[in-house]
>>> print(open('my_file-v7.cif').read())   # mmCIF, C-alpha atoms
data_coords
loop_
_atom_site.label_atom_id
_atom_site.label_comp_id
_atom_site.auth_asym_id
_atom_site.auth_seq_id
_atom_site.Cartn_x
_atom_site.Cartn_y
_atom_site.Cartn_z
CA MET W 1 49.18 209.55 164.64
CA LYS W 2 51.60 207.30 166.47
CA THR W 3 53.98 207.51 169.38
CA LEU W 4 57.47 206.31 168.56
CA PRO W 5 59.88 204.75 171.07
CA PHE W 6 62.70 206.83 172.53
CA LYS W 7 65.90 206.36 174.49
CA ASN W 8 67.11 208.40 177.47
CA TYR W 9 70.76 209.11 178.24
CA PHE W 10 71.71 210.54 181.63
CA PHE W 11 75.24 211.78 181.98
CA GLY W 12 75.97 212.46 185.60
CA ILE W 13 79.11 210.90 187.09
CA ALA W 14 77.92 207.38 186.29
CA GLY W 15 76.98 208.39 182.78
CA LEU W 16 80.38 209.88 182.06
CA LEU W 17 82.10 206.72 183.26
CA ALA W 18 79.85 204.71 181.00
CA LEU W 19 80.68 206.64 177.84
CA ALA W 20 83.27 204.06 176.79
CA SER W 21 80.56 201.43 176.50
CA CYS W 22 78.20 203.52 174.32
CA ASN W 23 77.81 202.47 170.70
CA ASN W 24 79.16 204.59 167.85
CA GLU W 25 75.92 206.46 167.20
CA ASP W 26 76.02 207.89 170.71
CA GLU W 27 79.73 208.78 170.85
CA ASP W 28 79.05 212.33 169.72
CA ILE W 29 77.30 213.08 173.03
CA MET W 30 80.59 214.47 174.38
CA GLU W 31 81.68 215.91 171.03
CA GLY W 32 80.38 219.00 169.31
CA SER W 33 79.30 221.89 171.50
CA ALA W 34 77.02 222.94 174.33
CA GLN W 35 75.13 226.20 174.62
CA VAL W 36 76.21 228.33 177.60
CA ASN W 37 74.12 231.29 178.76
CA ILE W 38 75.47 233.75 181.33
CA ALA W 39 73.30 235.77 183.71
CA LEU W 40 73.84 237.88 186.83
CA ILE W 41 71.78 237.91 190.04
CA ASP W 42 72.25 239.63 193.40
CA ALA W 43 71.74 239.33 197.14
CA PRO W 44 70.21 242.43 198.83
CA ALA W 45 72.33 245.22 200.31
CA ASP W 46 71.65 248.29 202.45
CA TYR W 47 72.07 250.89 199.69
CA ASP W 48 69.65 252.65 197.39
CA GLU W 49 71.41 251.44 194.24
CA VAL W 50 74.65 249.66 193.31
CA TRP W 51 75.75 250.13 189.70
CA ILE W 52 78.52 248.08 188.11
CA GLU W 53 79.87 248.14 184.56
CA VAL W 54 79.79 244.61 183.14
CA LEU W 55 81.97 244.17 180.05
CA GLY W 56 81.44 240.45 179.66
CA VAL W 57 82.59 237.00 180.74
CA GLU W 58 85.41 234.69 179.70
CA ILE W 59 85.41 230.90 179.96
CA LEU W 60 88.39 228.55 180.31
CA THR W 61 88.13 224.84 179.55
CA ASN W 62 90.04 222.36 181.68
CA ASP W 63 92.63 221.48 179.04
CA GLN W 64 93.81 225.07 178.60
CA ASN W 65 96.43 227.17 180.38
CA GLU W 66 94.83 229.97 182.38
CA ASN W 67 97.91 232.16 181.83
CA ASP W 68 97.35 232.06 178.07
CA ASP W 69 94.92 234.90 177.32
CA SER W 70 94.09 233.39 173.92
CA ALA W 71 92.79 230.22 175.63
CA TRP W 72 89.85 232.06 177.22
CA ILE W 73 86.54 232.00 175.32
CA SER W 74 85.10 235.51 175.27
CA ILE W 75 81.39 236.23 175.81
CA PRO W 76 80.85 240.01 175.53
CA ASN W 77 77.96 241.68 177.31
CA GLU W 78 75.11 241.67 174.79
CA ALA W 79 72.94 244.16 176.68
CA ASP W 80 72.32 247.63 175.23
CA GLU W 81 73.61 249.16 178.46
CA ASP W 82 76.76 247.84 180.16
CA LYS W 83 75.86 249.19 183.59
CA VAL W 84 73.64 247.10 185.85
CA ASN W 85 71.95 248.05 189.12
CA LEU W 86 72.68 244.99 191.23
CA LEU W 87 69.87 245.78 193.65
CA SER W 88 67.33 245.34 190.87
CA LEU W 89 68.43 241.71 190.41
CA VAL W 90 66.32 240.20 193.16
CA GLY W 91 62.99 238.38 193.33
CA GLY W 92 63.74 236.26 190.30
CA ASN W 93 65.12 239.10 188.17
CA GLU W 94 68.44 238.61 186.41
CA ALA W 95 70.66 240.47 183.95
CA PHE W 96 71.43 238.44 180.85
CA ILE W 97 75.05 238.94 179.82
CA GLY W 98 75.55 236.73 176.79
CA SER W 99 75.48 233.32 175.18
CA GLU W 100 78.07 231.22 173.34
CA GLU W 101 78.60 227.77 171.88
CA VAL W 102 81.36 226.11 173.94
CA PRO W 103 83.14 222.84 173.07
CA ALA W 104 81.78 219.91 175.05
CA GLY W 105 84.03 218.87 177.92
CA GLU W 106 84.59 220.76 181.14
CA ILE W 107 84.63 224.43 182.11
CA ALA W 108 87.41 224.92 184.64
CA GLN W 109 87.01 228.64 185.34
CA ILE W 110 85.08 231.70 184.32
CA ARG W 111 86.02 235.30 184.90
CA LEU W 112 83.72 238.29 185.09
CA LEU W 113 85.10 241.40 183.38
CA LEU W 114 84.16 244.73 184.98
CA GLY W 115 84.82 248.26 183.80
CA ASP W 116 85.74 251.28 185.94
CA ASP W 117 82.35 253.03 185.93
CA ASN W 118 81.05 251.58 189.20
CA TYR W 119 79.21 253.48 191.92
CA LEU W 120 76.59 253.23 194.64
CA VAL W 121 73.77 255.54 195.60
CA MET W 122 72.98 256.36 199.25
CA ASP W 123 70.41 258.96 200.30
CA GLY W 124 70.29 260.17 196.72
CA GLU W 125 74.05 260.75 196.57
CA GLU W 126 76.18 258.99 193.93
CA ILE W 127 79.41 257.65 195.44
CA PRO W 128 82.17 256.19 193.22
CA LEU W 129 83.34 252.66 193.89
CA THR W 130 87.11 252.28 193.71
CA THR W 131 88.10 249.18 191.76
CA PRO W 132 91.42 247.54 192.75
CA SER W 133 93.83 247.21 189.82
CA ALA W 134 94.00 243.43 190.39
CA GLN W 135 90.44 243.19 189.10
CA GLN W 136 91.27 244.54 185.66
CA SER W 137 92.20 241.08 184.39
CA GLY W 138 88.82 239.74 185.48
CA LEU W 139 87.32 238.15 188.57
CA LYS W 140 88.08 234.44 188.39
CA LEU W 141 85.66 231.80 189.62
CA LYS W 142 86.37 228.07 189.80
CA LEU W 143 83.59 225.98 188.30
CA ASN W 144 84.65 222.50 187.08
CA GLN W 145 81.36 221.98 185.24
CA GLU W 146 81.00 219.16 182.73
CA LEU W 147 79.39 220.21 179.45
CA MET W 148 77.59 217.64 177.31
CA ALA W 149 76.97 218.29 173.63
CA GLY W 150 73.34 219.16 172.94
CA ILE W 151 72.60 220.47 176.45
CA GLN W 152 72.03 224.14 177.22
CA TYR W 153 73.58 225.41 180.45
CA ASP W 154 72.68 228.56 182.36
CA LEU W 155 75.63 229.87 184.37
CA VAL W 156 74.26 232.18 187.04
CA ILE W 157 76.74 234.52 188.73
CA ASP W 158 75.55 235.50 192.19
CA PHE W 159 77.03 238.93 193.03
CA ASP W 160 76.72 239.60 196.78
CA ALA W 161 76.53 243.40 196.85
CA ALA W 162 76.41 243.64 200.66
CA LYS W 163 79.69 241.74 201.07
CA SER W 164 81.32 243.23 198.00
CA ILE W 165 81.40 246.87 199.09
CA VAL W 166 83.94 247.89 201.73
CA GLU W 167 84.08 251.32 203.35
CA ALA W 168 87.66 252.59 203.54
CA GLY W 169 87.85 253.69 207.19
CA ASN W 170 86.37 257.16 207.78
CA SER W 171 87.48 258.48 204.40
CA GLY W 172 84.02 258.28 202.90
CA GLN W 173 85.41 256.17 200.08
CA TYR W 174 84.06 252.78 199.14
CA ILE W 175 85.96 249.94 197.51
CA LEU W 176 84.44 247.32 195.25
CA LYS W 177 85.81 243.89 196.21
CA PRO W 178 83.32 241.54 194.57
CA VAL W 179 82.18 238.45 196.42
CA LEU W 180 80.85 236.06 193.81
CA ARG W 181 79.71 232.52 193.35
CA VAL W 182 78.63 230.75 190.19
CA VAL W 183 75.93 228.10 189.80
CA ALA W 184 75.41 225.96 186.70
CA GLU W 185 71.84 225.04 185.86
CA GLU W 186 71.36 222.32 183.23
CA SER W 187 68.48 222.21 180.81
CA ALA W 188 67.12 219.28 178.83
CA SER W 189 67.22 218.43 175.12
CA ILE W 190 65.24 216.28 172.70
CA GLU W 191 66.99 215.15 169.54
CA GLY W 192 66.04 213.02 166.58
CA GLN W 193 65.98 212.56 162.82
CA VAL W 194 63.16 212.93 160.31
CA LEU W 195 63.12 211.02 157.02
CA PRO W 196 62.86 211.29 154.10
CA LEU W 197 65.06 214.38 153.75
CA GLU W 198 62.73 215.78 151.12
CA ALA W 199 60.03 216.28 153.79
CA ASN W 200 62.01 219.28 155.12
CA PRO W 201 59.82 219.66 158.25
CA THR W 202 59.55 222.12 161.09
CA VAL W 203 59.67 220.36 164.46
CA TYR W 204 57.70 221.74 167.40
CA GLY W 205 57.99 220.86 171.08
CA ILE W 206 54.93 221.78 173.15
CA ILE W 207 54.52 221.68 176.92
CA GLY W 208 51.56 223.44 178.50
CA GLU W 209 51.27 226.83 176.79
CA ASP W 210 54.94 226.98 175.78
CA THR W 211 56.22 226.03 172.33
CA VAL W 212 59.76 225.75 170.97
CA SER W 213 60.59 224.95 167.38
CA THR W 214 63.47 224.09 165.08
CA TYR W 215 64.28 222.82 161.60
CA THR W 216 66.03 219.67 160.41
CA ASP W 217 69.52 219.86 158.90
CA ASP W 218 70.92 218.31 155.71
CA ILE W 219 70.75 214.79 157.20
CA GLY W 220 67.30 215.27 158.71
CA ALA W 221 68.56 215.74 162.28
CA PHE W 222 66.95 218.15 164.74
CA ALA W 223 67.60 219.26 168.31
CA LEU W 224 65.20 221.04 170.66
CA ARG W 225 67.47 222.55 173.31
CA GLY W 226 67.09 224.56 176.48
CA LEU W 227 63.95 222.70 177.52
CA VAL W 228 62.34 222.71 180.94
CA THR W 229 61.68 219.35 182.57
CA GLY W 230 58.39 217.71 181.62
CA ASP W 231 56.56 215.66 179.00
CA TYR W 232 56.46 217.22 175.55
CA THR W 233 54.25 216.76 172.54
CA ILE W 234 56.49 216.70 169.47
CA ILE W 235 54.85 217.77 166.22
CA VAL W 236 56.64 217.15 162.93
CA ASP W 237 55.17 219.46 160.28
CA PRO W 238 56.58 218.70 156.79
CA ILE W 239 56.20 220.51 153.50
CA GLU W 240 53.26 219.76 151.23
CA GLY W 241 53.24 216.22 149.96
CA TYR W 242 54.03 214.50 153.28
CA GLU W 243 51.92 213.50 156.26
CA PRO W 244 52.66 215.25 159.59
CA ASP W 245 53.34 213.17 162.66
CA THR W 246 52.88 213.69 166.39
CA LEU W 247 54.70 212.07 169.31
CA TYR W 248 53.08 212.28 172.73
CA SER W 249 54.55 212.30 176.24
CA VAL W 250 58.19 212.59 175.20
CA PRO W 251 60.13 213.27 178.41
CA ALA W 252 62.64 216.07 178.79
CA VAL W 253 64.72 215.75 181.95
CA GLU W 254 67.25 218.19 183.35
CA GLY W 255 70.76 217.26 182.29
CA GLU W 256 69.61 214.58 179.84
CA VAL W 257 69.32 214.22 176.08
CA THR W 258 66.25 212.28 174.99
CA ILE W 259 67.12 210.70 171.65
CA LEU W 260 64.18 209.64 169.51
CA ASP W 261 64.22 206.78 167.03
CA PRO W 262 64.18 208.01 163.40
CA ILE W 263 60.79 209.39 162.40
CA GLU W 264 59.63 208.15 158.99
CA LEU W 265 57.03 210.37 157.34
CA GLU W 266 54.65 209.04 154.73
CA GLU W 267 53.82 210.74 151.48
CA THR W 268 50.33 212.21 151.20
CA SER W 269 48.08 209.86 149.23
CA ALA W 270 46.24 211.02 146.10
CA GLU W 271 42.87 210.30 147.76
CA ILE W 272 43.64 212.60 150.64
CA GLU W 273 44.80 215.36 148.30
CA VAL W 274 41.51 215.13 146.35
CA GLU W 275 39.49 215.26 149.58
CA ILE W 276 41.38 218.34 150.80
CA ASN W 277 40.90 220.09 147.44
CA ASN W 278 37.16 219.45 147.64
#
>>> encode(input="my_file-v7.cif", output="structure tokens")
Amino acid sequence: MKTLPFKNYFFGIAGLLALASCNNEDEDIMEGSAQVNIALIDAPADYDEVWIEVLGVEILTNDQNENDDSAWISIPNEADEDKVNLLSLVGGNEAFIGSEEVPAGEIAQIRLLLGDDNYLVMDGEEIPLTTPSAQQSGLKLKLNQELMAGIQYDLVIDFDAAKSIVEAGNSGQYILKPVLRVVAEESASIEGQVLPLEANPTVYGIIGEDTVSTYTDDIGAFALRGLVTGDYTIIVDPIEGYEPDTLYSVPAVEGEVTILDPIELEETSAEIEVEINN
């Protein structure tokens, strides 16, 4: 087994400015698409429960007109149940909304789409939450987040339940005026190519007790996305007739794509095949 060399590309502000100087093989870093995952979390509030109906999220890239409804990329709520108890989303818990491939570039805004079935529970009593009509088009949040092709991004919407519920005088009615913020968390990726194409391998990335895997495409390329930061062992497991290969201590760093040099697999020798058969 051998460890092959690799190259790291970091695209923060300096990296984006340096894109013009990258060679042709790296120009697709800002082309293609990035994976965007949407989740909801909450800050505590002094109620028993706060239930909101989440229909989904829409994303607007920076080169689109926000007044053009067709320009927004829709991510419907993928959960079996649209209603979420915000007060359960604490202590590391979150409600996954959905995931979508988004063109690389920049997200300018996102908007959270809520339904009308919203209510809170106090002392065992269910109290409807009035939703202002202005919210029907979605709750817009500025983001201005750069997306790099090959990176997976987790957009976490922090829904402050305590600040979002307003009691309407002494009427006993409560109004839902969401106070939100959005945080983008970048993952890491490891990409490469395995040759010859006929080897048709499965590629595994292992860190600690966690394993992710993928296949190569029709040009032998692979991408392990959504990785946590750390050093990975990459195992290339081809079909019968080719030797597997292992790469050790391949770094995955938040917001970076680690690009490996092409991995050349060797055909299994006749002597080895005889030994295995015996």
>>> closest_residue(input="my_file-v7.cif", among="W:Ile38, W:Ala252, W:Val50, W:Val257", to="Leu87 (chain W)", atoms="only C-alpha atoms")
W:Val50
>>> resolve_selection(input="my_file-v7.cif", expression="the PyMOL selection byres ((chain W and resi 60-68) around 9)", output="PyMOL selection string")
chain W and resi 58-59+69-73+102-103+105-111+144
>>> write_last_selection(input="my_file-v7.cif", atoms="C-alpha atoms", output="short mmCIF file (atom, residue, chain, number, x, y, z; two decimals), in the frame of the given file")
data_model
loop_
_atom_site.label_atom_id
_atom_site.label_comp_id
_atom_site.auth_asym_id
_atom_site.auth_seq_id
_atom_site.Cartn_x
_atom_site.Cartn_y
_atom_site.Cartn_z
CA GLU W 58 85.41 234.69 179.70
CA ILE W 59 85.41 230.90 179.96
CA ASP W 69 94.92 234.90 177.32
CA SER W 70 94.09 233.39 173.92
CA ALA W 71 92.79 230.22 175.63
CA TRP W 72 89.85 232.06 177.22
CA ILE W 73 86.54 232.00 175.32
CA VAL W 102 81.36 226.11 173.94
CA PRO W 103 83.14 222.84 173.07
CA GLY W 105 84.03 218.87 177.92
CA GLU W 106 84.59 220.76 181.14
CA ILE W 107 84.63 224.43 182.11
CA ALA W 108 87.41 224.92 184.64
CA GLN W 109 87.01 228.64 185.34
CA ILE W 110 85.08 231.70 184.32
CA ARG W 111 86.02 235.30 184.90
CA ASN W 144 84.65 222.50 187.08
#
>>> closest_atom_pairs(input="my_file-v7.cif", of="region 224-276 of chain W", to="region 170-192 of chain W", cutoff="10 Å", atoms="only C-alpha atoms", output="JSON lines")
{"residue": "W:Leu224", "atom": "CA", "partner": "W:Ile190", "partner_atom": "CA", "distance": 5.2}
{"residue": "W:Arg225", "atom": "CA", "partner": "W:Ser189", "partner_atom": "CA", "distance": 4.5}
{"residue": "W:Gly226", "atom": "CA", "partner": "W:Ser187", "partner_atom": "CA", "distance": 5.1}
{"residue": "W:Leu227", "atom": "CA", "partner": "W:Ala188", "partner_atom": "CA", "distance": 4.8}
{"residue": "W:Val228", "atom": "CA", "partner": "W:Ser187", "partner_atom": "CA", "distance": 6.2}
{"residue": "W:Thr229", "atom": "CA", "partner": "W:Ala188", "partner_atom": "CA", "distance": 6.6}
{"residue": "W:Gly230", "atom": "CA", "partner": "W:Ala188", "partner_atom": "CA", "distance": 9.3}
{"residue": "W:Tyr232", "atom": "CA", "partner": "W:Ile190", "partner_atom": "CA", "distance": 9.3}
{"residue": "W:Ile234", "atom": "CA", "partner": "W:Ile190", "partner_atom": "CA", "distance": 9.3}
{"residue": "W:Val250", "atom": "CA", "partner": "W:Ile190", "partner_atom": "CA", "distance": 8.3}
{"residue": "W:Pro251", "atom": "CA", "partner": "W:Ile190", "partner_atom": "CA", "distance": 8.2}
{"residue": "W:Ala252", "atom": "CA", "partner": "W:Ala188", "partner_atom": "CA", "distance": 5.5}
{"residue": "W:Val253", "atom": "CA", "partner": "W:Ala188", "partner_atom": "CA", "distance": 5.3}
{"residue": "W:Glu254", "atom": "CA", "partner": "W:Ala188", "partner_atom": "CA", "distance": 4.7}
{"residue": "W:Gly255", "atom": "CA", "partner": "W:Glu186", "partner_atom": "CA", "distance": 5.2}
{"residue": "W:Glu256", "atom": "CA", "partner": "W:Ala188", "partner_atom": "CA", "distance": 5.4}
{"residue": "W:Val257", "atom": "CA", "partner": "W:Ser189", "partner_atom": "CA", "distance": 4.8}
{"residue": "W:Thr258", "atom": "CA", "partner": "W:Ile190", "partner_atom": "CA", "distance": 4.7}
{"residue": "W:Ile259", "atom": "CA", "partner": "W:Glu191", "partner_atom": "CA", "distance": 4.9}
{"residue": "W:Leu260", "atom": "CA", "partner": "W:Gly192", "partner_atom": "CA", "distance": 4.8}
{"residue": "W:Asp261", "atom": "CA", "partner": "W:Gly192", "partner_atom": "CA", "distance": 6.5}
{"residue": "W:Pro262", "atom": "CA", "partner": "W:Gly192", "partner_atom": "CA", "distance": 6.2}
{"residue": "W:Ile263", "atom": "CA", "partner": "W:Gly192", "partner_atom": "CA", "distance": 7.6}
>>> atom_distance(input="my_file-v7.cif", atom1="CA of Val236 (chain W)", atom2="CA of Tyr248 (chain W)")
11.5 Å
>>> closest_residue(input="my_file-v7.cif", among="W:Leu139, W:Ala168, W:Ala79, W:Ile41", to="Ser99 (chain W)", atoms="all atoms listed in the file")
W:Ala79
>>> atom_distance(input="my_file-v7.cif", atom1="CA of Asp158 (chain W)", atom2="CA of Leu40 (chain W)")
6.1 Å
>>> atom_distance(input="my_file-v7.cif", atom1="CA of Gly138 (chain W)", atom2="CA of Gly32 (chain W)")
27.6 Å
>>> closest_residue(input="my_file-v7.cif", among="W:Ser249, W:Gln193, W:Ser164, W:Thr130", to="Ile207 (chain W)", atoms="all atoms listed in the file")
W:Ser249
>>> resolve_selection(input="my_file-v7.cif", expression="the PyMOL selection byres ((chain W and resi 48) around 12)", output="MDAnalysis selection string")
chainID W and resid 44:47 49:51 85:88 119:127 161:162
>>> residues_around(input="my_file-v7.cif", residues="Gly98 (chain W)", least_positions_apart="5", cutoff="8 Å", atoms="all atoms listed in the file", output="list in words")
Asn37, Ile38, Ala39, Gly56, Ile75, Pro76, Asn77, Glu78 and Ala79 of chain W
>>> closest_residue(input="my_file-v7.cif", among="W:Leu112, W:Val203, W:Leu195, W:Ile219", to="Thr246 (chain W)", atoms="all atoms listed in the file")
W:Val203
